[in-house]
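Coordinates from model.txt are shown below (compact mmCIF, C-alpha atoms).
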# COMPACT_ATOMS: atom_id res chain seq x y z
CA MET D 1 0.00 0.00 0.00
CA PRO D 2 1.25 3.56 -0.53
CA ARG D 3 3.01 5.00 2.46
CA SER D 4 1.14 7.70 4.31
CA PRO D 5 2.66 11.18 4.72
CA SER D 6 3.73 10.30 8.25
CA ALA D 7 5.32 7.05 7.17
CA THR D 8 7.56 8.83 4.69
CA THR D 9 9.20 10.70 7.53
CA ARG D 10 10.25 7.85 9.73
CA VAL D 11 13.86 7.92 8.64
CA PRO D 12 16.37 10.51 9.87
CA GLY D 13 16.56 13.31 7.36
CA VAL D 14 18.70 16.11 6.09
CA ALA D 15 17.37 18.62 8.59
CA ARG D 16 19.13 16.66 11.33
CA ALA D 17 22.37 16.90 9.44
CA CYS D 18 22.12 20.67 9.07
CA LEU D 19 21.40 21.15 12.75
CA LEU D 20 24.19 18.87 13.89
CA PHE D 21 26.63 20.60 11.59
CA ALA D 22 25.86 23.88 13.28
CA LEU D 23 25.78 22.65 16.84
CA LEU D 24 28.53 20.09 16.95
CA SER D 25 31.04 22.04 14.93
CA ALA D 26 30.68 24.75 17.56
CA CYS D 27 31.05 22.85 20.35
CA ALA D 28 18.99 -15.32 37.27
CA GLY D 29 22.20 -17.54 37.31
CA THR D 30 24.35 -14.44 37.20
CA PRO D 31 26.97 -14.28 39.97
CA ALA D 32 26.80 -11.30 42.30
CA PRO D 33 28.85 -8.29 41.19
CA SER D 34 32.31 -7.99 42.66
CA SER D 35 32.46 -6.14 46.00
CA SER D 36 35.31 -3.97 44.67
CA HIS D 37 32.70 -1.89 42.84
CA SER D 38 29.91 0.17 44.32
CA PRO D 39 26.44 -1.25 43.51
CA SER D 40 25.62 2.06 41.81
CA ASP D 41 28.46 1.47 39.33
CA TRP D 42 26.77 -1.55 37.76
CA LYS D 43 24.28 -1.39 34.93
CA LYS D 44 22.29 -3.90 32.91
CA VAL D 45 22.53 -2.97 29.26
CA GLU D 46 19.61 -3.36 26.87
CA PHE D 47 19.71 -3.26 23.07
CA SER D 48 16.75 -2.54 20.84
CA ILE D 49 16.17 -2.33 17.09
CA LEU D 50 14.15 0.35 15.37
CA GLU D 51 12.17 -0.88 12.37
CA ASP D 52 9.03 1.00 11.41
CA TYR D 53 5.93 -0.74 10.08
CA ASP D 54 2.74 0.78 8.70
CA LYS D 55 -0.72 -0.50 9.50
CA GLY D 56 -1.49 -3.32 7.08
CA ASP D 57 2.11 -4.35 6.39
CA ASP D 58 2.54 -8.06 5.64
CA LEU D 59 3.00 -9.75 9.03
CA ALA D 60 4.80 -12.66 7.37
CA GLU D 61 7.52 -10.18 6.38
CA VAL D 62 7.52 -8.68 9.87
CA ALA D 63 8.01 -12.19 11.26
CA LYS D 64 11.17 -12.56 9.15
CA ASP D 65 12.53 -9.37 10.68
CA PHE D 66 11.68 -10.58 14.19
CA ASP D 67 13.56 -13.81 13.45
CA LEU D 68 16.61 -11.66 12.70
CA PHE D 69 16.11 -9.80 15.99
CA LYS D 70 16.22 -13.10 17.86
CA GLU D 71 19.23 -14.34 15.92
CA LEU D 72 21.00 -11.13 16.86
CA GLY D 73 20.13 -11.63 20.51
CA VAL D 74 17.96 -8.49 20.67
CA ALA D 75 14.44 -8.91 22.03
CA VAL D 76 13.24 -5.28 22.02
CA TRP D 77 11.53 -3.50 19.12
CA ARG D 78 11.15 0.26 18.80
CA GLY D 79 9.01 1.87 16.13
CA SER D 80 6.01 4.05 15.48
CA PHE D 81 2.40 3.62 16.39
CA GLY D 82 1.18 6.35 14.07
CA TRP D 83 -1.77 8.40 15.27
CA ASP D 84 -2.72 8.96 11.62
CA ASP D 85 -2.78 5.17 11.05
CA TYR D 86 -4.88 4.23 14.05
CA GLU D 87 -7.38 7.12 14.25
CA PRO D 88 -7.90 8.03 10.59
CA SER D 89 -10.93 10.16 11.50
CA ARG D 90 -11.97 11.62 14.82
CA GLY D 91 -13.24 8.92 17.19
CA THR D 92 -12.65 6.06 14.72
CA TYR D 93 -10.04 3.75 16.22
CA ASP D 94 -8.62 0.91 14.14
CA PHE D 95 -6.32 -1.30 16.24
CA GLU D 96 -7.04 -4.68 14.59
CA TRP D 97 -3.70 -4.94 12.73
CA LEU D 98 -1.86 -3.61 15.76
CA HIS D 99 -3.25 -6.38 17.96
CA ARG D 100 -2.03 -8.98 15.46
CA PHE D 101 1.37 -7.26 15.32
CA ALA D 102 1.70 -7.35 19.13
CA ASP D 103 0.61 -11.00 19.23
CA LEU D 104 3.22 -11.88 16.62
CA ALA D 105 5.91 -10.11 18.64
CA ALA D 106 4.84 -11.87 21.83
CA ALA D 107 4.98 -15.26 20.12
CA ARG D 108 8.63 -14.56 19.34
CA GLY D 109 9.49 -13.11 22.75
CA ILE D 110 9.79 -9.54 21.47
CA THR D 111 9.14 -6.62 23.82
CA LEU D 112 7.57 -3.56 22.18
CA ARG D 113 8.58 0.01 22.97
CA PRO D 114 6.61 2.14 20.50
CA TYR D 115 6.68 5.87 20.02
CA ILE D 116 3.38 7.63 19.30
CA ALA D 117 3.63 10.31 16.64
CA TYR D 118 2.41 11.54 13.26
CA THR D 119 -0.57 13.83 13.72
CA PRO D 120 -3.49 13.04 11.38
CA GLU D 121 -4.54 15.82 9.07
CA TRP D 122 -7.94 16.17 10.72
CA ALA D 123 -6.28 16.85 14.11
CA ALA D 124 -3.37 19.08 13.04
CA ALA D 125 -2.97 22.66 14.26
CA ARG D 126 -1.17 23.74 11.06
CA GLY D 127 2.39 24.85 11.54
CA SER D 128 4.90 26.74 9.46
CA ASP D 129 5.12 24.16 6.65
CA ALA D 130 2.62 22.36 4.44
CA ASP D 131 2.81 19.07 6.34
CA ALA D 132 0.29 17.96 8.95
CA TRP D 133 2.12 14.92 10.39
CA ASN D 134 4.64 17.05 12.32
CA ASP D 135 2.10 19.55 13.71
CA PRO D 136 0.94 19.74 17.31
CA PRO D 137 -2.70 18.74 17.68
CA SER D 138 -5.13 21.62 17.43
CA ASP D 139 -7.08 20.23 20.38
CA ALA D 140 -5.14 18.46 23.15
CA ASP D 141 -8.32 16.63 24.15
CA ASP D 142 -8.25 14.78 20.81
CA TRP D 143 -4.69 13.69 21.58
CA PHE D 144 -5.56 12.64 25.12
CA ARG D 145 -8.51 10.53 23.94
CA PHE D 146 -6.44 8.76 21.29
CA VAL D 147 -3.53 7.95 23.59
CA ARG D 148 -5.87 6.71 26.32
CA ALA D 149 -7.75 4.54 23.81
CA LEU D 150 -4.48 3.16 22.42
CA SER D 151 -2.86 2.36 25.75
CA SER D 152 -6.12 0.87 27.06
CA ALA D 153 -6.61 -1.30 23.97
CA MET D 154 -3.01 -2.53 24.04
CA ARG D 155 -2.93 -3.17 27.77
CA ARG D 156 -3.81 -6.83 27.20
CA HIS D 157 -0.48 -7.23 25.39
CA ARG D 158 1.97 -7.54 28.25
CA ASN D 159 4.89 -7.17 25.85
CA VAL D 160 3.95 -3.50 25.23
CA VAL D 161 5.89 -1.97 28.12
CA SER D 162 6.29 1.72 27.29
CA TYR D 163 5.19 4.59 25.09
CA GLU D 164 7.36 7.40 23.77
CA ILE D 165 5.75 10.79 23.11
CA TYR D 166 6.48 11.88 19.53
CA ASN D 167 9.98 11.63 18.05
CA GLU D 168 12.84 14.07 17.35
CA GLU D 169 10.63 16.86 18.59
CA ASN D 170 13.52 19.23 19.28
CA VAL D 171 13.91 19.90 15.54
CA ARG D 172 11.23 21.87 13.71
CA GLN D 173 11.12 19.52 10.73
CA TRP D 174 9.87 16.77 13.06
CA TRP D 175 7.89 18.98 15.47
CA ASP D 176 6.47 22.10 13.88
CA GLY D 177 5.63 23.71 17.19
CA THR D 178 7.05 25.29 20.33
CA PRO D 179 8.54 23.62 23.42
CA GLU D 180 5.41 24.79 25.24
CA ALA D 181 3.19 22.95 22.77
CA TYR D 182 5.31 19.81 23.16
CA GLU D 183 5.18 20.05 26.94
CA ASN D 184 1.39 20.10 26.75
CA VAL D 185 1.38 17.02 24.50
CA LEU D 186 3.90 15.27 26.77
CA ARG D 187 1.91 16.02 29.92
CA ARG D 188 -1.48 15.11 28.49
CA GLY D 189 -0.01 12.05 26.73
CA ALA D 190 1.64 10.78 29.91
CA ASP D 191 -1.61 11.16 31.84
CA ALA D 192 -3.51 9.35 29.07
CA ILE D 193 -1.01 6.47 29.03
CA LYS D 194 -1.37 5.98 32.77
CA ALA D 195 -5.16 6.20 32.49
CA GLY D 196 -5.11 3.39 29.92
CA ASN D 197 -2.29 1.30 31.40
CA PRO D 198 -0.85 2.35 34.78
CA ASP D 199 2.04 -0.09 34.40
CA ALA D 200 3.42 1.36 31.15
CA GLN D 201 6.53 3.52 31.20
CA VAL D 202 6.49 6.99 29.65
CA LEU D 203 9.42 8.16 27.53
CA LEU D 204 10.25 11.63 26.36
CA GLY D 205 10.44 11.66 22.58
CA GLY D 206 13.94 10.72 21.42
CA MET D 207 15.78 13.99 20.73
CA VAL D 208 17.94 14.42 17.63
CA TYR D 209 20.91 15.10 19.94
CA PRO D 210 21.36 15.64 23.71
CA ASP D 211 19.65 19.04 23.83
CA ILE D 212 19.96 20.79 27.21
CA GLU D 213 18.00 23.87 26.17
CA TRP D 214 15.04 21.80 24.95
CA LEU D 215 14.98 19.65 28.09
CA GLU D 216 15.07 22.65 30.36
CA ALA D 217 12.27 24.36 28.44
CA VAL D 218 10.04 21.26 28.49
CA CYS D 219 10.69 19.94 31.99
CA ALA D 220 10.43 23.34 33.65
CA GLN D 221 6.75 23.57 32.81
CA GLY D 222 3.69 21.77 34.10
CA GLY D 223 5.49 19.03 36.03
CA SER D 224 6.20 17.06 32.86
CA GLY D 225 9.61 15.93 34.06
CA ARG D 226 8.00 14.01 36.92
CA ARG D 227 5.87 12.07 34.44
CA VAL D 228 8.79 10.73 32.36
CA ASP D 229 10.72 7.55 33.13
CA VAL D 230 13.39 7.80 30.41
CA ILE D 231 15.13 10.61 28.53
CA PRO D 232 16.32 9.26 25.15
CA PHE D 233 18.31 10.89 22.38
CA HIS D 234 19.78 9.86 19.02
CA ALA D 235 23.35 9.69 17.75
CA TYR D 236 24.56 9.49 14.15
CA PRO D 237 28.19 10.65 14.28
CA GLU D 238 30.11 10.06 11.06
CA THR D 239 26.92 9.73 9.00
CA TRP D 240 25.25 13.13 9.52
CA THR D 241 28.02 15.16 11.11
CA PRO D 242 30.98 17.23 9.90
CA ALA D 243 34.30 15.46 9.38
CA ASP D 244 35.66 16.71 12.69
CA VAL D 245 32.74 15.21 14.67
CA THR D 246 33.46 11.56 15.38
CA LEU D 247 32.13 8.86 17.65
CA GLU D 248 34.82 9.70 20.14
CA ASN D 249 33.92 13.39 20.51
CA TYR D 250 30.20 13.36 19.65
CA LEU D 251 29.10 13.55 23.28
CA GLY D 252 32.05 15.75 24.21
CA LEU D 253 34.13 15.79 27.36
CA THR D 254 31.39 17.50 29.35
CA PHE D 255 28.46 15.15 28.67
CA GLY D 256 28.54 13.80 32.22
CA THR D 257 29.03 17.13 33.92
CA GLU D 258 26.81 19.31 31.73
CA PHE D 259 24.06 17.35 29.96
CA VAL D 260 23.54 14.74 32.68
CA THR D 261 23.60 17.38 35.42
CA ALA D 262 21.21 19.64 33.53
CA ALA D 263 18.84 16.76 32.75
CA ASP D 264 18.78 15.65 36.39
CA ARG D 265 18.20 19.19 37.57
CA ALA D 266 15.44 19.99 35.08
CA CYS D 267 13.59 16.67 34.87
CA GLY D 268 14.70 14.69 37.91
CA ARG D 269 17.09 11.77 37.71
CA LYS D 270 15.93 9.55 34.84
CA ARG D 271 17.41 6.74 32.79
CA LEU D 272 19.32 8.08 29.79
CA TRP D 273 19.15 6.14 26.53
CA ILE D 274 20.62 6.38 23.09
CA ASN D 275 17.61 4.74 21.52
CA GLU D 276 18.57 5.37 17.91
CA THR D 277 22.06 5.20 16.40
CA GLY D 278 23.68 3.80 13.27
CA TYR D 279 26.11 4.16 10.38
CA ALA D 280 25.20 4.20 6.70
CA THR D 281 27.05 2.09 4.11
CA THR D 282 26.77 4.72 1.41
CA PRO D 283 29.10 4.54 -1.62
CA GLY D 284 32.69 4.80 -0.42
CA ARG D 285 31.82 3.34 2.99
CA SER D 286 32.19 -0.41 3.22
CA GLU D 287 30.49 -3.05 5.31
CA ASP D 288 33.79 -3.43 7.18
CA ASP D 289 33.69 0.30 7.97
CA GLN D 290 30.19 -0.13 9.38
CA ALA D 291 31.23 -3.11 11.51
CA ARG D 292 34.23 -1.22 12.88
CA TRP D 293 31.97 1.76 13.61
CA TRP D 294 29.56 -0.40 15.60
CA ILE D 295 32.36 -1.88 17.72
CA ARG D 296 33.63 1.63 18.48
CA ALA D 297 30.09 2.86 19.12
CA VAL D 298 29.21 0.15 21.64
CA ALA D 299 32.45 0.77 23.54
CA THR D 300 32.23 4.56 23.40
CA PHE D 301 28.59 5.01 24.29
CA LEU D 302 28.52 2.36 27.03
CA SER D 303 31.60 3.94 28.61
CA GLN D 304 29.21 6.71 29.72
CA PRO D 305 28.02 5.57 33.17
CA ARG D 306 24.40 6.65 32.71
CA ILE D 307 23.85 5.19 29.23
CA ASP D 308 22.32 1.71 29.56
CA HIS D 309 20.34 1.31 26.33
CA LEU D 310 21.43 1.36 22.70
CA GLY D 311 18.94 1.37 19.85
CA ILE D 312 20.19 -0.13 16.58
CA TYR D 313 18.98 1.63 13.43
CA GLU D 314 18.00 -0.55 11.64
CA ILE D 315 17.54 -4.24 10.83
CA LYS D 316 17.55 -3.85 7.04
CA ASP D 317 18.15 -1.24 4.36
CA LEU D 318 15.22 0.62 2.83
CA PRO D 319 14.25 -0.36 -0.72
CA LYS D 320 14.92 2.38 -3.23
CA ASN D 321 11.25 2.62 -4.16
CA ARG D 322 10.22 3.41 -0.58
CA GLU D 323 9.88 7.13 -0.06
CA ALA D 324 11.84 8.79 2.74
CA ILE D 325 12.69 12.37 3.58
CA GLY D 326 16.40 12.98 3.40
CA ASP D 327 19.38 11.88 1.36
CA ALA D 328 21.21 8.68 0.46
CA PRO D 329 22.23 7.60 4.00
CA ASN D 330 18.56 7.00 4.84
CA TYR D 331 18.59 3.94 2.58
CA HIS D 332 21.81 2.32 3.83
CA LEU D 333 21.62 2.24 7.64
CA GLY D 334 20.56 -1.40 7.88
CA ILE D 335 22.77 -4.13 9.30
CA THR D 336 21.34 -6.35 6.55
CA HIS D 337 20.53 -5.56 2.94
CA VAL D 338 17.00 -5.03 1.64
CA ASP D 339 16.72 -8.80 1.01
CA ARG D 340 18.02 -9.49 4.57
CA ARG D 341 21.46 -10.68 3.47
CA LYS D 342 23.64 -9.95 6.49
CA LYS D 343 26.24 -7.21 6.37
CA VAL D 344 29.48 -7.68 8.33
CA ALA D 345 28.02 -5.59 11.17
CA PHE D 346 25.36 -8.22 11.88
CA PRO D 347 27.66 -10.90 13.34
CA ALA D 348 29.75 -8.17 14.96
CA LEU D 349 26.70 -6.89 16.82
CA GLN D 350 25.64 -10.45 17.58
CA ARG D 351 28.96 -10.88 19.40
CA LEU D 352 28.78 -7.48 21.10
CA VAL D 353 25.24 -8.06 22.38
CA SER D 354 26.29 -11.39 23.88
CA MET D 355 29.31 -9.75 25.50
CA MET D 356 27.68 -6.62 26.89
CA ALA D 357 24.04 -7.44 27.62
CA ALA D 358 24.05 -10.97 29.07
CA GLN D 359 24.90 -9.80 32.60
CA PRO D 360 25.48 -6.54 34.48
CA ILE D 361 28.62 -4.61 33.60
CA THR D 362 30.63 -1.82 35.13
CA ILE D 363 33.10 0.54 33.49
CA ALA D 364 36.60 -0.39 34.55
CA ASP D 365 38.52 2.32 32.66
CA PRO D 366 39.69 4.16 35.81
CA ARG D 367 40.73 0.91 37.49
CA GLY D 368 42.45 -0.85 34.62
CA SER D 369 46.18 -0.84 33.93
CA ILE D 370 46.07 0.27 30.31
CA SER D 371 48.19 2.83 28.51
CA SER D 372 48.82 3.77 24.91
CA ALA D 373 51.71 5.27 22.99
CA PRO D 374 52.53 7.54 21.40
CA ALA D 375 50.39 9.98 23.38
CA GLY D 376 47.95 12.01 21.35
CA SER D 377 48.08 9.63 18.40
CA GLY D 378 44.35 8.93 18.29
CA LEU D 379 44.44 5.67 20.23
CA TYR D 380 41.38 4.76 22.31
CA HIS D 381 40.61 1.99 24.76
CA HIS D 382 37.77 1.01 27.09
CA LEU D 383 37.59 -1.80 29.64
CA PHE D 384 34.38 -3.24 31.12
CA THR D 385 34.02 -5.74 33.97
CA ARG D 386 31.12 -8.20 33.90
CA ALA D 387 29.31 -9.55 36.94
CA ASP D 388 31.09 -12.91 36.71
CA GLY D 389 34.48 -11.17 36.98
CA SER D 390 35.47 -11.49 33.34
CA GLN D 391 36.21 -8.37 31.33
CA VAL D 392 35.80 -6.99 27.83
CA LEU D 393 38.54 -4.80 26.37
CA PHE D 394 38.20 -2.55 23.33
CA MET D 395 40.97 -0.63 21.60
CA TRP D 396 41.35 1.16 18.31
CA SER D 397 43.40 3.68 16.41
CA ARG D 398 41.89 6.60 14.54
CA ARG D 399 44.95 8.02 12.77
CA SER D 400 48.27 6.26 13.19
CA ARG D 401 50.10 3.17 14.30
CA GLY D 402 50.48 2.76 18.06
CA VAL D 403 50.88 0.34 20.93
CA VAL D 404 48.46 -0.34 23.77
CA SER D 405 50.03 -1.84 26.91
CA VAL D 406 47.78 -3.97 29.10
CA SER D 407 48.93 -4.95 32.60
CA PRO D 408 45.97 -6.83 34.06
CA THR D 409 45.89 -8.46 37.46
CA ALA D 410 45.14 -12.19 37.81
CA VAL D 411 44.56 -12.58 34.09
CA THR D 412 45.85 -15.37 31.91
CA ALA D 413 44.78 -14.50 28.39
CA LEU D 414 43.00 -12.19 25.99
CA ASN D 415 40.66 -13.92 23.58
CA GLU D 416 40.31 -11.75 20.48
CA PHE D 417 37.39 -11.44 18.07
CA GLY D 418 37.39 -10.04 14.56
CA ILE D 419 35.16 -7.33 13.14
CA ASP D 420 32.98 -10.16 11.83
CA GLY D 421 32.45 -11.40 15.40
CA LYS D 422 34.44 -14.60 14.88
CA PRO D 423 37.23 -15.76 17.23
CA ARG D 424 40.53 -14.42 15.96
CA GLY D 425 43.13 -15.77 18.37
CA ARG D 426 44.46 -15.79 21.91
CA ILE D 427 47.14 -13.70 23.58
CA ASP D 428 48.63 -15.36 26.67
CA VAL D 429 49.45 -12.90 29.43
CA SER D 430 50.57 -14.96 32.43
CA GLY D 431 50.88 -11.91 34.66
CA ALA D 432 53.15 -9.97 32.33
CA THR D 433 52.33 -6.87 30.33
CA ALA D 434 50.80 -7.51 26.95
CA GLU D 435 51.73 -4.98 24.27
CA ILE D 436 49.25 -4.89 21.42
CA THR D 437 50.09 -3.07 18.22
CA LEU D 438 47.37 -1.20 16.39
CA GLN D 439 47.63 -0.12 12.79
CA ALA D 440 46.02 3.13 11.68
CA GLY D 441 42.25 2.68 11.61
CA GLU D 442 42.38 -0.75 13.24
CA VAL D 443 39.76 -1.87 15.76
CA ARG D 444 40.41 -4.77 18.13
CA TYR D 445 38.40 -6.20 21.00
CA PHE D 446 38.90 -9.03 23.48
CA GLU D 447 37.39 -11.07 26.24
CA VAL D 448 39.78 -10.92 29.19
CA VAL D 449 40.09 -14.34 30.77
CA PRO D 450 40.53 -14.26 34.57
CA ALA D 451 43.06 -16.67 36.05
CA ARG D 452 40.43 -18.81 37.74
CA SER D 453 38.83 -19.56 34.35
CA ARG D 454 41.93 -21.14 32.83
Before we go any further, please render this structure as structure tokens.
Amino acid sequence: MPRSPSATTRVPGVARACLLFALLSACAGTPAPSSSHSPSDWKKVEFSILEDYDKGDDLAEVAKDFDLFKELGVAVWRGSFGWDDYEPSRGTYDFEWLHRFADLAAARGITLRPYIAYTPEWAAARGSDADAWNDPPSDADDWFRFVRALSSAMRRHRNVVSYEIYNEENVRQWWDGTPEAYENVLRRGADAIKAGNPDAQVLLGGMVYPDIEWLEAVCAQGGSGRRVDVIPFHAYPETWTPADVTLENYLGLTFGTEFVTAADRACGRKRLWINETGYATTPGRSEDDQARWWIRAVATFLSQPRIDHLGIYEIKDLPKNREAIGDAPNYHLGITHVDRRKKVAFPALQRLVSMMAAQPITIADPRGSISSAPAGSGLYHHLFTRADGSQVLFMWSRRSRGVVSVSPTAVTALNEFGIDGKPRGRIDVSGATAEITLQAGEVRYFEVVPARSR
């Protein structure tokens, strides 16, 4: 069926790129965690996959995607429940396909975390552009009634655990209204969700980037911050950013002291998620480049203590005949091709999910004995400890050849994996320092084997 106006917008677009250019250039069975770490240091990481579906899409095709989710080890879906799809005219609710979609997900053990967005034309307030899907509702009561009806109807599906209020609302192309208008939609939407399903979580709409000014404007009004359980944002460094904005500096040195502090102050302490991130295999960018990017991304983003959720965009590339706002990268963000042939990033992420999400982890960077040389040569490394005492070590070079020295305690070996997720070899340590050479652009990662596991 033809895609609706809202459906054509569910891929990150060129407006995001322009904004980021301006902003970023300027600126049970698990052992107990080790007592050497504070309980507050540990986090359980969750991965999700964003893949949008329109009402009426072939559920047999959806099932094939869900099978890929499970193969990857990811059991959480994120995508849109479009207001325009499910209330095509005022007071006419059409949830029949959605019930079958949720049942299909449940049968495959998939948890659903939808975002609600895409204002129907009949409900739109009319903004500064010709589109209706990105407008605030003209009557907040219409919005409240729809969200309450949706959350009430879906309450029987226990795998629907949260609702996100609109998406990328801090950019005018995706929200053609003011922060005040969004705060009203957030507040009324949160109340409607709880009226329909008191157990469901409420998420702020995923922001295009970690936007302090937007958060402060929204959370300062009407008590909306108290209604939100999670503050998510998106991250597409090296796809829609200038050349000098990379994975390593995307969040900046002050993310923990500025954004996290501001978010806690404005909205109260909430979970912080990157619930949409990815790298496009556009011409000139290989599948190997994408796999290396994902290894760096998992290490870099999870090295932030408050980030405990990563959303993979997306399971498969968009077909060329499917309309989307934006440029070429929109069609190449999948970790499989349009026909679901796996790219190199698929087995890489399969390995990373098994390493980082199977049990609680803590960031061991400050406690590890790791150094790199020469200094300032663009070498990076991150070390994570898992609840069973084993560790995961990441290292890579951005610009030049270098050496990373690892002096672990009570460790016998480093088991290495390739960018395709396959075992690559073993480095015996036996208490001595291991010196690992990195070539320019090389990415390497290891499971650190504790002595007791030998």
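Between D:Val161 and the residues D:His382, D:His99, D:Arg108, D:Arg78, the shortest atom-to-atom distance, using only C-alpha atoms, involves D:Arg78.
Nearest to D:Ser405 of all the residues D:Val171, D:Ala373, D:Leu50, D:Leu247 is D:Ala373, counting all atoms listed in the file.
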With only C-alpha atoms counted and 12 Å as the cut-off, give the residues of stretch 59-120 of chain D in contact with stretch 263-278 of chain D, each with its shortest interatomic distance in Å and the pair that gives it, as CSV.
residue,atom,partner,partner_atom,distance
D:Val76,CA,D:Asn275,CA,10.9
D:Trp77,CA,D:Asn275,CA,10.5
D:Arg78,CA,D:Asn275,CA,8.3
D:Gly79,CA,D:Glu276,CA,10.3
D:Arg113,CA,D:Asn275,CA,10.3
D:Pro114,CA,D:Asn275,CA,11.3
D:Tyr115,CA,D:Asn275,CA,11.1
Subject >> Counting all atoms listed in the file, the option among D:Asp211, D:Glu447, D:Glu71, D:Asp57 closest to D:Val260 >> reply: D:Asp211
**OP:** Provide the atom CA of D:Ala243 to atom CA of D:Met395 distance in Å, to one decimal place.
**Re:**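 Separating atom CA of D:Ala243 from atom CA of D:Met395 is a distance of 21.3 Å.
Shortest separation to D:Arg444 among D:Asp428, D:Asp365, D:Asp67, D:Asp420 occurs at residue D:Asp420, atoms counted being all atoms listed in the file.
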Place a sphere of radius 10 Å on (-4.9, -0.2, 33.4) in the file coordinates and name every protein, DNA or RNA residue with an atom inside or on its surface, counting only C-alpha atoms; give the answer as an mmCIF file with C-alpha atoms, in the coordinates of the input.
data_model
loop_
_atom_site.group_PDB
_atom_site.id
_atom_site.type_symbol
_atom_site.label_atom_id
_atom_site.label_comp_id
_atom_site.auth_asym_id
_atom_site.auth_seq_id
_atom_site.Cartn_x
_atom_site.Cartn_y
_atom_site.Cartn_z
ATOM 1 C CA ARG D 148 -5.870 6.710 26.320
ATOM 2 C CA SER D 151 -2.860 2.360 25.750
ATOM 3 C CA SER D 152 -6.120 0.870 27.060
ATOM 4 C CA ALA D 153 -6.610 -1.300 23.970
ATOM 5 C CA MET D 154 -3.010 -2.530 24.040
ATOM 6 C CA ARG D 155 -2.930 -3.170 27.770
ATOM 7 C CA ARG D 156 -3.810 -6.830 27.200
ATOM 8 C CA ILE D 193 -1.010 6.470 29.030
ATOM 9 C CA LYS D 194 -1.370 5.980 32.770
ATOM 10 C CA ALA D 195 -5.160 6.200 32.490
ATOM 11 C CA GLY D 196 -5.110 3.390 29.920
ATOM 12 C CA ASN D 197 -2.290 1.300 31.400
ATOM 13 C CA PRO D 198 -0.850 2.350 34.780
ATOM 14 C CA ASP D 199 2.040 -0.090 34.400
ATOM 15 C CA ALA D 200 3.420 1.360 31.150
#
Original post:
Pick the closest to D:Tyr53 from D:Tyr163, D:Tyr279, D:Phe101, D:Trp83: which is it, counting all atoms listed in the file?
Top reply: D:Phe101
Subject >> Near-D:Ala345 list (8 Å; only C-alpha atoms; drop same-chain fewer than 6 positions) as a PyMOL selection string >> reply: chain D and resi 287-288+290-292+294+335+419-420
Subject >> Within 12 Å of D:Ala235 using all atoms listed in the file, minus same-chain residues under 3 positions, as a ChimeraX atom specification >> reply: /D:12,16-17,20,24,168,206-211,232,238-241,245-251,273-279,297-298,300-301,310-313
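Of the residues listed (D:Ala262, D:Leu112, D:Val403, D:Val185), D:Ala262 shows the shortest atom-to-atom separation from D:Glu213; distances use all atoms listed in the file.
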**OP:** For atom CA of D:Phe384 and atom CA of D:Ala364, determine how far apart the two atoms are, in Å to one decimal place.
**Re:**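 Going from atom CA of D:Phe384 over to atom CA of D:Ala364 covers 5.0 Å.
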